[in-house]
Structures are given as C-alpha cells and as structure tokens.
Amino acid sequence: MSPFTFNTAPSLIFGSGSMARLGEIAAQRLGPRVLLVTDAGLVKAGLIAPALHVLEEAGIAVDVFDAVVADPPEDVVLAGVAKARDFEARAVIGFGGGSSIDVAKLVALLAASNERLPEIYGVGIAKGPRLPLLAIPTTAGTGSEVTPISIVTTGSHEKKGVVSAIIIPDIALLDPDLTVNLPPHVTAATGIDAMVHAIEAYTSTSPNNNPVSQALAKEALRLLGRNIERAVHHGHDIEARSAMLLGSMLAGQAFANSPVAAVHALAYPIGGHFGIPHGLSNALVLPHVLRFNASACEAAYAELAPHAFPELEGRATGSAFVEALAILCTKVGLQPRLRDVGIPQDAMPMMAEDAMKQTRLLVNNPRPLTLEDARAIYEAAW
C-alpha cells in the first residue's frame, strides 16, 4: 500500500438543531471577538440573526462582514481582511455557501499573517499562522468546511486557488435545518457539485489518492445519489437534507486529500466568463468529461455506479454510470447544454484555452487532456 497523508477538520458537529450549540462552542474555542463572514442574501433571509443572538448570549462580541458574492474576487477577500483587523477579531466564522466559507478561510489567514494574497496561490505555499476558524455550511455542495482550498476570481475572469492545510477550518458545524429553504435549482446544482467531488476524488491520479478518500467517496455517492431528487422536489424532508449535507461533507473530505480534475478545470471558465453557478457549470460538462475519461476509468466508474444508483446493482458498467448521471442532472432540473445557459458557440476556443491554465487540476485527470480535447468536450456540451 502506498503512503499517503489525510487531513480534515479536527472537529465535526452534525445534526438537526446543532446551531443551538454555536454560542457554547464559540465561547470555548473561538474567544471573545469574532468576525462572521457571510453574504447579504443570508442576512436578508434572516438566517444570520439567530446565530448573532446565540453568540451575543454567550458574551461574544461579533461583527459581520456580509459583502461576499459568488465567485468572490480578490477585493472582497481583502475587504474582509481589513474588517477583521479593524474589529481586532480573534476568530472567524464562515457562514453560508462555499464562497462565504472560502472567503472566511482567507480572512482568517491573512488577518493573522504577513502573507499577501497574490503570493499564496498554488499548492502548499500559504503557511500561516491564522485565526481560529469555524465553518457553517448552508448548502450541501462544496464541502468547503473540511477542505484546504479557497477559490478566488483574479482579474476579470480567471480563477485561482489557495491550497494549504493551514486553512482547513478547526470546526465544521453542519445543521441540515439551515438547508431546508434552499431553492430547488440551488439544491440540484450544489448536490451535483458534491457528486462530482466524490467521482473525481475516486478516480484522481494524484499520488495521494488513498483508501480513506476512496471509501468516503463511495459513501458520499450513496448518500447523495439516493437523496438528491427527494431534496430537490421535497425540500423540507429533513432526512434527505441531512443525507445531502453529510454526503457533501464526506465528498469534501475525499477530494481535499485526493484532488479533483478535468470536470472542475473545464467548469471554471464557464463560471468565470459567464457567471454560471459553479455546481451548474460542473453539471454542464460532467457527462462529456466522463465519456472522455471512460477509456481510462471503465472499472472505476463501474465500481461507483451501484453506490449512486442502486438500480444498476449487478449490471453496472462505466457507460451506464455516465448515462445515469446525465439523466439525473435533467431529472433535478438542470439545463443540459451550454447553449441553454446562453453561452455562444464561438466562446469554445477561449474557454478551452482558459481551462488549460488549470494545471493543478488537470494533472490529476486519469486521461491526459490537450487543448484540442478541451475544445472538443466544450463542443460536445454545446
């Protein structure tokens, strides 16, 4: 067995109603002054007020940074850092979807260290120290609450990642009650995103692909594949929501240690140039990348198939798995083609060139991918 390293959040708190414990946890682990990083939509929806109440009841001074946006640009991160320093925060809470938690990770890091954001993009460059960090996801998708990754939009369109174990949150608090009012299209897109994490972690060619990540990926797909339709179409089903949130976290643990590959590399230009949500961007290219990889992944895809789709038990093949995923994306209401979300066909060459810049992801793909391959995949998805 090959040697490997497995890192994850040291403390996981899961369960319906677990937000009630936030004040107690923060008082014990975070200290007296906390910056809560979130987005304006969650503030407007009233999700932040209960968190502020329990924190203040515990005697903790809280300031709120609510300027996070989807695909956060560098200036949002730096504004959050300035807010943390002005408030003299002693800890950070990331509350929201993947973007809020990603920003919170970097705020905790940059507010406590002398590092500069443009100098820490890449793998293993950021060293810290950082402020104590607690993550509370409100979507079941990114798994950011347990990953060492923070994605930032640089310039006008390109996405870059800070990848370092130093930014894995100290505590992940997962309360499925926070996800019950997610709109169906968000539930669908984030759920498919989590499934992609599990699939790409399982088939990653990273030298750190390991038995722990593979076991987590299988269980994540079991939870996600068997509950996503229920969560989309019956959003107040707390058991389905719980399964989705736990599955998302397990997939996050898997890909945090066995990194993702070409699906994500080709998804980033879709979001960066056209503002398409990340989960939907993944779904748009997912079956086409998997078909491209099939010659290298037939056995692996066949192994995964019955975990996500129990009806394939005993007759699982790689191609059946790919087709079942494509059908699932349609069943949960996601647009199937790039043209359906307004992407013009003449954008394919530009997106292919941008996708090839995602070398930290493409190196993990089970089949080498060229510029011509990337363009052909986009054309097939169009």
# chains A, B, ... in the order shown; residues from 1 in each chain; ligands from 1
>>> residues_around(residues="Val34 in chain A", least_positions_apart="2", cutoff="6 Å", atoms="only C-alpha atoms", output="list in words")
Val62, Ala89, Arg90, Ala91 and Val92 of chain A
>>> residues_around(residues="Val54 in chain A", least_positions_apart="4", cutoff="9 Å", atoms="only C-alpha atoms", output="JSON, numbers by chain")
{"A": [19, 20, 21, 22, 23, 24, 49, 50, 58, 59, 60]}
>>> closest_atom_pairs(of="range 242-337 of chain A", to="range 155-159 of chain A", cutoff="7 Å", atoms="only C-alpha atoms", output="JSON lines")
{"residue": "A:Tyr268", "atom": "CA", "partner": "A:Lys159", "partner_atom": "CA", "distance": 6.8}
{"residue": "A:Gly272", "atom": "CA", "partner": "A:His157", "partner_atom": "CA", "distance": 4.5}
{"residue": "A:His273", "atom": "CA", "partner": "A:His157", "partner_atom": "CA", "distance": 5.4}
>>> select_by_dssp(residues="range 160-222 of chain A", states="helix (DSSP H, G or I)", output="ChimeraX atom specification")
/A:165-167,176-179,184-203,211-222
>>> residues_around(residues="Glu311 in chain A", least_positions_apart="4", cutoff="12 Å", atoms="only C-alpha atoms", output="NGL selection string")
:A and (225-226 or 305-307 or 315-316 or 320-321 or 324)
>>> residues_around(residues="Ala79 in chain A", least_positions_apart="4", cutoff="10 Å", atoms="only C-alpha atoms", output="compact mmCIF listing (two decimals) with N, CA and C atoms, in the first residue's frame")
# COMPACT_ATOMS: atom_id res chain seq x y z
N PHE A 65 -19.26 40.68 8.36
CA PHE A 65 -18.82 41.07 7.01
C PHE A 65 -19.71 40.32 6.03
N ALA A 67 -20.27 41.08 2.61
CA ALA A 67 -20.05 41.52 1.22
C ALA A 67 -19.62 40.38 0.30
N VAL A 68 -19.71 39.14 0.76
CA VAL A 68 -19.30 38.02 -0.09
C VAL A 68 -20.27 37.88 -1.26
N GLU A 74 -10.74 39.14 -5.59
CA GLU A 74 -9.72 39.45 -4.59
C GLU A 74 -10.11 40.61 -3.70
N ASP A 75 -10.76 41.63 -4.26
CA ASP A 75 -11.05 42.81 -3.45
C ASP A 75 -12.04 42.50 -2.33
N LYS A 83 -11.67 44.40 7.54
CA LYS A 83 -12.72 44.42 8.56
C LYS A 83 -12.28 43.65 9.80
N ALA A 84 -11.67 42.48 9.59
CA ALA A 84 -11.20 41.68 10.72
C ALA A 84 -10.15 42.42 11.53
N ARG A 85 -9.25 43.09 10.84
CA ARG A 85 -8.20 43.82 11.56
C ARG A 85 -8.76 45.04 12.29
N VAL A 107 -9.64 35.20 5.07
CA VAL A 107 -9.66 36.29 6.05
C VAL A 107 -8.94 35.84 7.32
>>> residues_around(residues="Val77 in chain A", least_positions_apart="3", cutoff="10 Å", atoms="only C-alpha atoms", output="list in words")
Ala67, Val68, Pro72, Pro73, Glu74, Gly80, Val81, Ala82, Lys83, Ser100, Asp102, Val103, Ala104, Lys105, Leu106, Val107, Leu110, Leu117 and Val152 of chain A
>>> write_last_selection(atoms="C-alpha atoms", output="compact mmCIF listing (two decimals), in the first residue's frame")
# COMPACT_ATOMS: atom_id res chain seq x y z
CA ALA A 67 -20.05 41.52 1.22
CA VAL A 68 -19.30 38.02 -0.09
CA PRO A 72 -15.53 36.14 -4.91
CA PRO A 73 -12.91 38.48 -6.37
CA GLU A 74 -9.72 39.45 -4.59
CA GLY A 80 -12.88 41.14 4.75
CA VAL A 81 -9.30 41.12 6.00
CA ALA A 82 -9.46 44.86 6.65
CA LYS A 83 -12.72 44.42 8.56
CA SER A 100 -18.53 32.60 2.14
CA ASP A 102 -13.71 30.23 1.14
CA VAL A 103 -13.50 33.95 1.93
CA ALA A 104 -13.59 33.25 5.68
CA LYS A 105 -10.61 30.89 5.32
CA LEU A 106 -8.52 33.57 3.65
CA VAL A 107 -9.66 36.29 6.05
CA LEU A 110 -4.38 36.97 6.02
CA LEU A 117 -2.87 37.08 -1.39
CA VAL A 152 -10.71 33.35 -5.79
>>> closest_residue(among="A:Gly271, A:Gly141, A:Pro310, A:Pro277", to="Gly252 in chain A", atoms="only C-alpha atoms")
A:Gly141
>>> atom_distance(atom1="CA of Leu55 in chain A", atom2="CA of Met249 in chain A")
24.3 Å
>>> closest_residue(among="A:Thr203, A:Thr139, A:Ser2, A:Ser18", to="Pro259 in chain A", atoms="only C-alpha atoms")
A:Thr203
>>> residues_around(residues="Ala352 in chain A", least_positions_apart="2", cutoff="12 Å", atoms="only C-alpha atoms", output="PDB file with C-alpha atoms, in the first residue's frame")
ATOM      1  CA  ALA A 262     -10.840  17.943 -15.529  1.00  0.00           C
ATOM      2  CA  ALA A 265     -10.914  22.581 -14.797  1.00  0.00           C
ATOM      3  CA  LEU A 266     -13.469  22.898 -17.603  1.00  0.00           C
ATOM      4  CA  ALA A 267     -16.173  24.226 -15.286  1.00  0.00           C
ATOM      5  CA  TYR A 268     -14.143  27.203 -14.050  1.00  0.00           C
ATOM      6  CA  PRO A 269     -14.124  29.151 -17.354  1.00  0.00           C
ATOM      7  CA  ILE A 270     -17.909  28.704 -17.620  1.00  0.00           C
ATOM      8  CA  HIS A 273     -16.698  34.238 -18.065  1.00  0.00           C
ATOM      9  CA  GLN A 345     -20.545  28.596 -29.635  1.00  0.00           C
ATOM     10  CA  ASP A 346     -17.758  30.978 -30.601  1.00  0.00           C
ATOM     11  CA  ALA A 347     -16.662  31.042 -26.938  1.00  0.00           C
ATOM     12  CA  MET A 348     -15.383  27.454 -27.096  1.00  0.00           C
ATOM     13  CA  PRO A 349     -11.785  28.256 -28.115  1.00  0.00           C
ATOM     14  CA  MET A 350     -11.428  30.923 -25.429  1.00  0.00           C
ATOM     15  CA  ASP A 354      -8.569  29.112 -20.035  1.00  0.00           C
ATOM     16  CA  ALA A 355      -9.294  25.554 -18.923  1.00  0.00           C
ATOM     17  CA  MET A 356      -5.761  24.515 -19.848  1.00  0.00           C
ATOM     18  CA  LYS A 357      -4.433  27.052 -17.324  1.00  0.00           C
ATOM     19  CA  GLN A 358      -5.891  24.920 -14.509  1.00  0.00           C
ATOM     20  CA  LEU A 369      -6.150  16.223 -21.849  1.00  0.00           C
ATOM     21  CA  THR A 370      -4.930  18.555 -24.602  1.00  0.00           C
ATOM     22  CA  LEU A 371      -6.207  21.922 -25.772  1.00  0.00           C
ATOM     23  CA  GLU A 372      -7.921  20.173 -28.673  1.00  0.00           C
ATOM     24  CA  ASP A 373      -9.547  17.701 -26.277  1.00  0.00           C
ATOM     25  CA  ALA A 374     -10.850  20.542 -24.101  1.00  0.00           C
ATOM     26  CA  ARG A 375     -12.352  22.279 -27.106  1.00  0.00           C
ATOM     27  CA  ALA A 376     -13.965  19.032 -28.299  1.00  0.00           C
ATOM     28  CA  ILE A 377     -15.533  18.487 -24.875  1.00  0.00           C
ATOM     29  CA  TYR A 378     -16.989  22.004 -24.891  1.00  0.00           C
ATOM     30  CA  GLU A 379     -18.320  21.468 -28.406  1.00  0.00           C
TER      31      GLU A 379
END
>>> closest_residue(among="A:Ala108, A:Val76, A:Leu245, A:Ala256", to="Thr147 in chain A", atoms="only C-alpha atoms")
A:Ala256
>>> residues_around(residues="Ile199 in chain A", least_positions_apart="6", cutoff="8 Å", atoms="only C-alpha atoms", output="ChimeraX atom specification")
/A:217,221,304
>>> closest_atom_pairs(of="range 93-192 of chain A", to="range 8-11 of chain A", cutoff="6 Å", atoms="only C-alpha atoms", output="Markdown table")
| residue | atom | partner | partner_atom | distance |
| --- | --- | --- | --- | --- |
| A:Val146 | CA | A:Ala9 | CA | 5.1 |
| A:Ile168 | CA | A:Ala9 | CA | 5.9 |
| A:Pro169 | CA | A:Ala9 | CA | 5.6 |
| A:Asp170 | CA | A:Ala9 | CA | 5.4 |
| A:Ile171 | CA | A:Ser11 | CA | 4.7 |
>>> decode(residues="range 257-287 of chain A", atoms="N, CA and C atoms", output="short mmCIF file (atom, residue, chain, number, x, y, z; two decimals), in the first residue's frame")
data_model
loop_
_atom_site.label_atom_id
_atom_site.label_comp_id
_atom_site.auth_asym_id
_atom_site.auth_seq_id
_atom_site.Cartn_x
_atom_site.Cartn_y
_atom_site.Cartn_z
N ASN A 257 -8.16 15.51 -0.06
CA ASN A 257 -6.94 14.70 0.04
C ASN A 257 -6.61 13.94 -1.23
N SER A 258 -7.57 13.82 -2.12
CA SER A 258 -7.38 13.19 -3.43
C SER A 258 -8.00 14.12 -4.45
N PRO A 259 -7.23 15.09 -4.96
CA PRO A 259 -7.81 16.28 -5.61
C PRO A 259 -8.57 16.02 -6.90
N VAL A 260 -9.49 16.97 -7.20
CA VAL A 260 -10.34 16.88 -8.39
C VAL A 260 -9.54 17.19 -9.65
N ALA A 261 -10.24 17.07 -10.80
CA ALA A 261 -9.52 17.07 -12.06
C ALA A 261 -10.25 17.84 -13.16
N ALA A 262 -10.44 17.21 -14.32
CA ALA A 262 -10.84 17.94 -15.53
C ALA A 262 -12.26 18.48 -15.49
N VAL A 263 -13.19 17.84 -14.79
CA VAL A 263 -14.53 18.41 -14.73
C VAL A 263 -14.45 19.82 -14.15
N HIS A 264 -13.72 19.96 -13.05
CA HIS A 264 -13.58 21.27 -12.43
C HIS A 264 -12.77 22.23 -13.30
N ALA A 265 -11.74 21.72 -13.94
CA ALA A 265 -10.91 22.58 -14.80
C ALA A 265 -11.74 23.18 -15.93
N LEU A 266 -12.64 22.39 -16.52
CA LEU A 266 -13.47 22.90 -17.60
C LEU A 266 -14.67 23.68 -17.10
N ALA A 267 -15.05 23.47 -15.85
CA ALA A 267 -16.17 24.23 -15.29
C ALA A 267 -15.77 25.66 -14.95
N TYR A 268 -14.54 25.87 -14.51
CA TYR A 268 -14.14 27.20 -14.05
C TYR A 268 -14.30 28.29 -15.11
N PRO A 269 -13.91 28.08 -16.37
CA PRO A 269 -14.12 29.15 -17.35
C PRO A 269 -15.60 29.45 -17.60
N ILE A 270 -16.47 28.47 -17.43
CA ILE A 270 -17.91 28.70 -17.62
C ILE A 270 -18.41 29.68 -16.57
N GLY A 271 -18.01 29.45 -15.32
CA GLY A 271 -18.40 30.37 -14.26
C GLY A 271 -17.68 31.70 -14.36
N GLY A 272 -16.38 31.66 -14.66
CA GLY A 272 -15.60 32.88 -14.68
C GLY A 272 -16.03 33.86 -15.76
N HIS A 273 -16.36 33.36 -16.94
CA HIS A 273 -16.70 34.24 -18.06
C HIS A 273 -18.19 34.55 -18.16
N PHE A 274 -19.03 33.63 -17.70
CA PHE A 274 -20.47 33.79 -17.96
C PHE A 274 -21.31 33.82 -16.69
N GLY A 275 -20.68 33.80 -15.54
CA GLY A 275 -21.42 33.93 -14.29
C GLY A 275 -22.33 32.77 -13.97
N ILE A 276 -22.06 31.59 -14.54
CA ILE A 276 -22.88 30.41 -14.27
C ILE A 276 -22.46 29.83 -12.92
N PRO A 277 -23.41 29.52 -12.04
CA PRO A 277 -23.05 28.95 -10.73
C PRO A 277 -22.17 27.72 -10.88
N HIS A 278 -21.27 27.55 -9.92
CA HIS A 278 -20.25 26.51 -10.04
C HIS A 278 -20.84 25.12 -10.20
N GLY A 279 -21.86 24.79 -9.40
CA GLY A 279 -22.44 23.46 -9.50
C GLY A 279 -23.04 23.19 -10.86
N LEU A 280 -23.75 24.16 -11.41
CA LEU A 280 -24.31 24.02 -12.75
C LEU A 280 -23.20 23.93 -13.79
N SER A 281 -22.14 24.71 -13.62
CA SER A 281 -21.00 24.63 -14.55
C SER A 281 -20.43 23.22 -14.59
N ASN A 282 -20.30 22.61 -13.42
CA ASN A 282 -19.83 21.22 -13.36
C ASN A 282 -20.79 20.29 -14.08
N ALA A 283 -22.09 20.46 -13.83
CA ALA A 283 -23.09 19.57 -14.43
C ALA A 283 -23.08 19.66 -15.95
N LEU A 284 -22.83 20.84 -16.48
CA LEU A 284 -22.86 21.05 -17.93
C LEU A 284 -21.77 20.25 -18.65
N VAL A 285 -20.63 20.08 -18.01
CA VAL A 285 -19.53 19.35 -18.67
C VAL A 285 -19.34 17.94 -18.12
N LEU A 286 -20.03 17.60 -17.03
CA LEU A 286 -19.79 16.33 -16.34
C LEU A 286 -19.87 15.11 -17.27
N PRO A 287 -20.99 14.85 -17.95
CA PRO A 287 -21.04 13.61 -18.74
C PRO A 287 -20.03 13.59 -19.88
#
